[in-house]
Amino acid sequence: MVASCTDDNGEPDEPTAAPVTCAELPNGKMIAARDDESGSPTDIATRPEVASGYRTGMRPVTTQTFAAATANPLATGAACEVLRDGGTAADALVTAQTVLGLVEPQSSGIGGGAFVLYYDAASKAVRAFDGRETAPAAATETYLSRISPDNPAPPVPSARASGRSIGVPGLMRMLELVHGRYGRQTWRDLFTPAVSLADNGFEISPRLASAIAESADELAADKEARDYFLNGDGNPKTEGVELVNPAYAKTLGVLATDGPQAMYEGPLAQAIVAEAGSTAGGMTPSLMTVGDLRDYRAVERDPVVTTYRGRRIVAMPGPSSGGITVASALGILENFDLPAMPPGDLDTDGGRPDPAAVHLITEAERLAYADRDKYVADPDFVPLPGRGVATILDPGYLRARAQLIRPDASLGEAEAGDLGPVPLGSHPGTEHGTSHITVADRYGNVASMTTTIESAFGSYHMVDGFLLNNQLTDFSAEPRDDDGMLLANRVSPGKRPRSSMAPTLVLSPGTAGAPAEVLAALGSPGGSVIIQFVVKTIVGMLDWGLDPQQAVSMIDFGSANSPTTNVGGEHPLVDTSDDGAHDPLVRGLRERGAEVSVEEQSSGLSALVRKDGGWIGGADPRREGAVMGDNAIY
């Protein structure tokens, strides 16, 4: 089958079978991939899709000119239509995000924040855009752990479910900045698909149904969330039930007509502050004000740029630790011959990784996370030591870090490197949800955007049809570690919490004066584990020659700075019986001293790779994602 977005004149370019245009996607019920070994099609909308699921045998998607990948077929289809109609990657981001906020509300939305890397084909340059939420001006260092500096009681009912977790949303300001710089289509028109879906309804997907069921008790505490996600008897709404969200349609209509400013001043801003500041049921309120919203600014930053195997890796800078930590791990791995250690039994699901290679990768990640845990935070408040990014990613420094790795033993918990006399403690922090969008347009522009409201359903607070984030819980709850050392990621007024989101672009280096060109774009949700998912995929594509679908589908593995190494037990090639005792990868890692967990992983990767003027793409079999484009051949 061929699924496509038709070109400007409405005619597909000689597809090999009858095309399914984006406009013909009814409720996402299209064959968006061949996902079994026989090549027989499977309807994504009827697949059991939760974080612990896995669609075996997914094939890469090849497009002719443009491509889009998101975590939900409805959002991918809407973005594809924008690209078909001449929109840019920036235009497609707006449409994809507003649809995701409706059909995948547990992961991202207009009440949250995001990071974008954008390659502009005209200037041959990449820019980073920071739409991370901020702490209110009235926040103190103990904002998440105490009701007030004079009252040591913790927030009620918890830091997350109280108003204290809610950061000033940054997403809409960031999309405004990106669209204003690179958009072609009218801002207002980009909201039409989401408004239409919200008014006319869509079916609850398996993944959303599972998320509602898991969070039903927490959602019941907020009246608007309860009425929307639960039935009258308090039971969660289930897969296939049609949801309509007229409140969200109205909110989007205001943002479409009046622009993003409507979210930061006026009735909508007042509604956000009122919901965050609610004391219903004795809840501890946020200290956010309308002034905090009015003063919010998205930030354009210089991306992190490093090299790996002769390619240029372009990543997100602070306050995301994702780009720096991915680049650090890759810089350490540059010192090992990973290309000589490819997976065995290679198949559409990525084959069986060599335990020796996985050991090296997880050890490099332990070292990279150790530095991340100590040094990385909002650079506007806590700069990196020395020369900043150049110091933490210095090749000589990373070479010395690589020399700490032993091929037959695990570091367990690594020490942070000595980057100078920096009086900081170390704290890993925890992060959860998120979603990812990868887009390439017909003009050569490419965008990689990771977007989040933090945990599933954010703070559980819902206002005017959308959920508010719980992003401030990405800060350290206490300002000091157990030894009394200040933590880089402590709460401060106006500060952005550290993130692990890692939208990434891979570029050719550009030789003989030629400019660099995008070779690949990728990213993933997954909280602090995002770093591991992205490293795995880059290594799979650049070191082992996997196509993007194989690299994305490959067994999820990795480690933060702890003795535990993750091996995704949801993958069909992982034997989880007897806690993995019979699995060759698990055994190989345990023989090298690692404590291995075979808990199911919840990556949501997508990757696009340049091919013959078009793109070849892969979507994560662990979620509902899909890749689409013009005359996309599956």
# chains A, B, ... in the order shown; residues from 1 in each chain; ligands from 1

$ residues_around --residues "Ser524 of chain A" --least-positions-apart "3" --cutoff "7 Å" --atoms "only C-alpha atoms" --output "ChimeraX atom specification"
/A:435-436,450,530,533-534,603-606

$ write_last_selection --atoms "C-alpha atoms" --output "CSV table (one decimal), in the first residue's frame"
chain,number,residue,atom,x,y,z
A,435,SER,CA,5.9,13.6,23.2
A,436,HIS,CA,8.0,14.2,20.1
A,450,THR,CA,10.1,17.5,22.1
A,530,ILE,CA,15.2,10.2,26.8
A,533,PHE,CA,16.8,6.3,23.8
A,534,VAL,CA,18.4,9.0,21.6
A,603,SER,CA,10.3,5.3,24.4
A,604,GLY,CA,8.4,7.2,21.7
A,605,LEU,CA,11.1,7.7,19.2
A,606,SER,CA,10.8,9.0,15.7

$ select_by_dssp --residues "segment 29-226 of chain A" --states "strand (DSSP E or B)" --output "PyMOL selection string"
chain A and resi 34-35+41+58+61-63+67-70+113-120+125-130+134+148+151+168+202-203

$ atom_distance --atom1 "atom CA of Ser500 of chain A" --atom2 "atom CA of Pro169 of chain A"
17.5 Å

$ residues_around --residues "Glu224 of chain A" --least-positions-apart "2" --cutoff "8 Å" --atoms "only C-alpha atoms" --output "PyMOL selection string"
chain A and resi 222+226-228+462-463+465

$ closest_residue --among "A:Val598, A:Leu330, A:Ala71, A:Val446" --to "Val518 of chain A" --atoms "only C-alpha atoms"
A:Val446

$ residues_around --residues "Glu600 of chain A" --least-positions-apart "2" --cutoff "7 Å" --atoms "only C-alpha atoms" --output "PyMOL selection string"
chain A and resi 52+568-570+598+602

$ write_last_selection --atoms "N, CA and C atoms" --output "mmCIF file, in the first residue's frame"
data_model
loop_
_atom_site.group_PDB
_atom_site.id
_atom_site.type_symbol
_atom_site.label_atom_id
_atom_site.label_comp_id
_atom_site.auth_asym_id
_atom_site.auth_seq_id
_atom_site.Cartn_x
_atom_site.Cartn_y
_atom_site.Cartn_z
ATOM 1 N N SER A 52 3.828 -0.191 27.348
ATOM 2 C CA SER A 52 4.416 -1.525 27.411
ATOM 3 C C SER A 52 4.133 -2.352 26.161
ATOM 4 N N GLY A 568 14.940 -3.204 27.700
ATOM 5 C CA GLY A 568 13.491 -3.140 27.529
ATOM 6 C C GLY A 568 12.850 -4.504 27.320
ATOM 7 N N GLY A 569 12.137 -4.977 28.322
ATOM 8 C CA GLY A 569 11.531 -6.293 28.255
ATOM 9 C C GLY A 569 10.321 -6.397 27.363
ATOM 10 N N GLU A 570 9.854 -5.265 26.837
ATOM 11 C CA GLU A 570 8.724 -5.310 25.906
ATOM 12 C C GLU A 570 9.141 -5.813 24.528
ATOM 13 N N VAL A 598 14.715 -5.688 33.479
ATOM 14 C CA VAL A 598 14.041 -5.996 32.220
ATOM 15 C C VAL A 598 12.624 -5.430 32.223
ATOM 16 N N SER A 602 9.373 2.792 27.756
ATOM 17 C CA SER A 602 8.278 3.570 27.154
ATOM 18 C C SER A 602 8.797 4.660 26.235
#

$ residues_around --residues "Pro383 of chain A" --least-positions-apart "6" --cutoff "12 Å" --atoms "only C-alpha atoms" --output "ChimeraX atom specification"
/A:317-319,374-377,389,391-392,422,424,488-489

$ write_last_selection --atoms "N, CA and C atoms" --output "PDB file, in the first residue's frame"
ATOM      1  N   PRO A 317      20.646  22.994  24.006  1.00  0.00           N
ATOM      2  CA  PRO A 317      21.453  23.444  25.144  1.00  0.00           C
ATOM      3  C   PRO A 317      20.603  23.520  26.413  1.00  0.00           C
ATOM      4  N   GLY A 318      21.236  23.938  27.528  1.00  0.00           N
ATOM      5  CA  GLY A 318      20.498  24.166  28.763  1.00  0.00           C
ATOM      6  C   GLY A 318      19.444  25.236  28.563  1.00  0.00           C
ATOM      7  N   PRO A 319      18.322  25.103  29.307  1.00  0.00           N
ATOM      8  CA  PRO A 319      18.141  24.298  30.510  1.00  0.00           C
ATOM      9  C   PRO A 319      17.863  22.822  30.281  1.00  0.00           C
ATOM     10  N   LYS A 374      25.425  16.867  38.284  1.00  0.00           N
ATOM     11  CA  LYS A 374      26.094  17.876  39.112  1.00  0.00           C
ATOM     12  C   LYS A 374      26.063  19.267  38.508  1.00  0.00           C
ATOM     13  N   TYR A 375      26.299  19.359  37.194  1.00  0.00           N
ATOM     14  CA  TYR A 375      26.620  20.661  36.620  1.00  0.00           C
ATOM     15  C   TYR A 375      25.496  21.336  35.826  1.00  0.00           C
ATOM     16  N   VAL A 376      24.552  20.595  35.264  1.00  0.00           N
ATOM     17  CA  VAL A 376      23.639  21.167  34.284  1.00  0.00           C
ATOM     18  C   VAL A 376      22.341  21.643  34.937  1.00  0.00           C
ATOM     19  N   ALA A 377      21.982  22.868  34.648  1.00  0.00           N
ATOM     20  CA  ALA A 377      20.722  23.469  35.095  1.00  0.00           C
ATOM     21  C   ALA A 377      20.431  24.627  34.149  1.00  0.00           C
ATOM     22  N   VAL A 389      29.856  24.861  27.695  1.00  0.00           N
ATOM     23  CA  VAL A 389      29.690  23.633  26.914  1.00  0.00           C
ATOM     24  C   VAL A 389      31.042  23.143  26.389  1.00  0.00           C
ATOM     25  N   THR A 391      33.849  23.202  27.781  1.00  0.00           N
ATOM     26  CA  THR A 391      34.588  22.504  28.838  1.00  0.00           C
ATOM     27  C   THR A 391      34.028  21.114  29.091  1.00  0.00           C
ATOM     28  N   ILE A 392      32.719  21.012  29.224  1.00  0.00           N
ATOM     29  CA  ILE A 392      32.118  19.722  29.559  1.00  0.00           C
ATOM     30  C   ILE A 392      32.183  18.745  28.382  1.00  0.00           C
ATOM     31  N   VAL A 422      33.869  23.946  41.656  1.00  0.00           N
ATOM     32  CA  VAL A 422      32.456  24.325  41.606  1.00  0.00           C
ATOM     33  C   VAL A 422      31.775  23.791  42.863  1.00  0.00           C
ATOM     34  N   LEU A 424      29.088  22.631  44.151  1.00  0.00           N
ATOM     35  CA  LEU A 424      27.750  22.132  43.892  1.00  0.00           C
ATOM     36  C   LEU A 424      27.635  20.673  44.306  1.00  0.00           C
ATOM     37  N   ALA A 488      22.500  22.703  41.689  1.00  0.00           N
ATOM     38  CA  ALA A 488      22.348  23.582  40.522  1.00  0.00           C
ATOM     39  C   ALA A 488      20.887  23.711  40.122  1.00  0.00           C
ATOM     40  N   ASN A 489      20.126  22.650  40.286  1.00  0.00           N
ATOM     41  CA  ASN A 489      18.740  22.621  39.809  1.00  0.00           C
ATOM     42  C   ASN A 489      17.745  22.938  40.918  1.00  0.00           C
TER      43      ASN A 489
END

$ residues_around --residues "Ala390 of chain A" --least-positions-apart "2" --cutoff "12 Å" --atoms "only C-alpha atoms" --output "list in words"
Val304, Val305, Thr306, Pro317, Ile324, Ala327, Ser328, Leu384, Pro385, Gly386, Arg387, Gly388, Ile392, Leu393, Asp394, Pro395, Gly396, Tyr397, Leu398 and Leu419 of chain A

$ select_by_dssp --residues "segment 552-634 of chain A" --states "helix (DSSP H, G or I)" --output "NGL selection string"
:A and (552-553 or 577-580 or 584-591)

$ write_last_selection --atoms "N, CA and C atoms" --output "PDB file, in the first residue's frame"
ATOM      1  N   VAL A 552      15.139   2.710  15.683  1.00  0.00           N
ATOM      2  CA  VAL A 552      14.089   3.066  16.637  1.00  0.00           C
ATOM      3  C   VAL A 552      13.509   1.817  17.293  1.00  0.00           C
ATOM      4  N   SER A 553      13.273   0.782  16.488  1.00  0.00           N
ATOM      5  CA  SER A 553      12.651  -0.443  16.988  1.00  0.00           C
ATOM      6  C   SER A 553      13.585  -1.278  17.854  1.00  0.00           C
ATOM      7  N   SER A 577      11.822 -14.220  30.999  1.00  0.00           N
ATOM      8  CA  SER A 577      11.543 -15.284  31.962  1.00  0.00           C
ATOM      9  C   SER A 577      12.669 -15.375  32.990  1.00  0.00           C
ATOM     10  N   ASP A 578      12.292 -15.674  34.222  1.00  0.00           N
ATOM     11  CA  ASP A 578      13.261 -15.755  35.326  1.00  0.00           C
ATOM     12  C   ASP A 578      14.096 -14.489  35.417  1.00  0.00           C
ATOM     13  N   ASP A 579      13.414 -13.349  35.256  1.00  0.00           N
ATOM     14  CA  ASP A 579      14.079 -12.042  35.358  1.00  0.00           C
ATOM     15  C   ASP A 579      15.237 -11.902  34.374  1.00  0.00           C
ATOM     16  N   GLY A 580      15.043 -12.471  33.181  1.00  0.00           N
ATOM     17  CA  GLY A 580      16.048 -12.322  32.135  1.00  0.00           C
ATOM     18  C   GLY A 580      17.230 -13.265  32.239  1.00  0.00           C
ATOM     19  N   PRO A 584      20.593 -13.649  26.358  1.00  0.00           N
ATOM     20  CA  PRO A 584      22.047 -13.455  26.175  1.00  0.00           C
ATOM     21  C   PRO A 584      22.516 -12.039  26.460  1.00  0.00           C
ATOM     22  N   LEU A 585      21.719 -11.026  26.127  1.00  0.00           N
ATOM     23  CA  LEU A 585      22.127  -9.653  26.417  1.00  0.00           C
ATOM     24  C   LEU A 585      22.134  -9.409  27.917  1.00  0.00           C
ATOM     25  N   VAL A 586      21.084  -9.818  28.590  1.00  0.00           N
ATOM     26  CA  VAL A 586      21.002  -9.625  30.037  1.00  0.00           C
ATOM     27  C   VAL A 586      22.143 -10.367  30.730  1.00  0.00           C
ATOM     28  N   ARG A 587      22.382 -11.627  30.335  1.00  0.00           N
ATOM     29  CA  ARG A 587      23.461 -12.406  30.953  1.00  0.00           C
ATOM     30  C   ARG A 587      24.817 -11.724  30.732  1.00  0.00           C
ATOM     31  N   GLY A 588      25.044 -11.239  29.499  1.00  0.00           N
ATOM     32  CA  GLY A 588      26.308 -10.597  29.200  1.00  0.00           C
ATOM     33  C   GLY A 588      26.557  -9.358  30.033  1.00  0.00           C
ATOM     34  N   LEU A 589      25.503  -8.593  30.284  1.00  0.00           N
ATOM     35  CA  LEU A 589      25.650  -7.384  31.105  1.00  0.00           C
ATOM     36  C   LEU A 589      25.856  -7.735  32.570  1.00  0.00           C
ATOM     37  N   ARG A 590      25.138  -8.734  33.047  1.00  0.00           N
ATOM     38  CA  ARG A 590      25.316  -9.144  34.441  1.00  0.00           C
ATOM     39  C   ARG A 590      26.698  -9.731  34.676  1.00  0.00           C
ATOM     40  N   GLU A 591      27.230 -10.432  33.703  1.00  0.00           N
ATOM     41  CA  GLU A 591      28.595 -10.955  33.828  1.00  0.00           C
ATOM     42  C   GLU A 591      29.621  -9.838  33.951  1.00  0.00           C
TER      43      GLU A 591
END

$ residues_around --residues "segment 171-184 of chain A" --least-positions-apart "5" --cutoff "7 Å" --atoms "only C-alpha atoms" --output "JSON, numbers by chain"
{"A": [87, 88, 90, 91, 94, 110, 112, 113, 114, 129, 130, 131, 260, 297, 298]}

$ closest_atom_pairs --of "segment 117-139 of chain A" --to "segment 274-289 of chain A" --cutoff "12 Å" --atoms "only C-alpha atoms" --output "Markdown table"
| residue | atom | partner | partner_atom | distance |
| --- | --- | --- | --- | --- |
| A:Glu133 | CA | A:Met288 | CA | 11.9 |
| A:Thr134 | CA | A:Met288 | CA | 10.0 |
| A:Ala135 | CA | A:Met288 | CA | 8.0 |
| A:Pro136 | CA | A:Met288 | CA | 5.0 |
| A:Ala137 | CA | A:Met288 | CA | 7.4 |
| A:Ala138 | CA | A:Leu287 | CA | 6.1 |
| A:Ala139 | CA | A:Leu287 | CA | 6.9 |

$ closest_atom_pairs --of "segment 214-241 of chain A" --to "segment 147-168 of chain A" --cutoff "10 Å" --atoms "only C-alpha atoms" --output "tab-separated table"
residue	atom	partner	partner_atom	distance
A:Glu218	CA	A:Ala161	CA	8.0
A:Leu219	CA	A:Ala161	CA	9.7
A:Ala221	CA	A:Ala161	CA	9.2
A:Asp222	CA	A:Ala161	CA	9.8

$ write_last_selection --atoms "C-alpha atoms" --output "mmCIF file, in the first residue's frame"
data_model
loop_
_atom_site.group_PDB
_atom_site.id
_atom_site.type_symbol
_atom_site.label_atom_id
_atom_site.label_comp_id
_atom_site.auth_asym_id
_atom_site.auth_seq_id
_atom_site.Cartn_x
_atom_site.Cartn_y
_atom_site.Cartn_z
ATOM 1 C CA GLU A 218 -6.158 11.660 40.519
ATOM 2 C CA LEU A 219 -8.224 13.027 37.636
ATOM 3 C CA ALA A 221 -10.031 15.413 42.136
ATOM 4 C CA ASP A 222 -10.391 18.131 39.472
#

$ closest_residue --among "A:Glu265, A:Glu104, A:Asp380, A:Glu454" --to "Asn469 of chain A" --atoms "only C-alpha atoms"
A:Glu454

$ atom_distance --atom1 "atom CA of Ala198 of chain A" --atom2 "atom CA of Gln261 of chain A"
21.7 Å

$ closest_residue --among "A:Ala356, A:Leu93, A:Met341, A:Ala68" --to "Val116 of chain A" --atoms "only C-alpha atoms"
A:Leu93
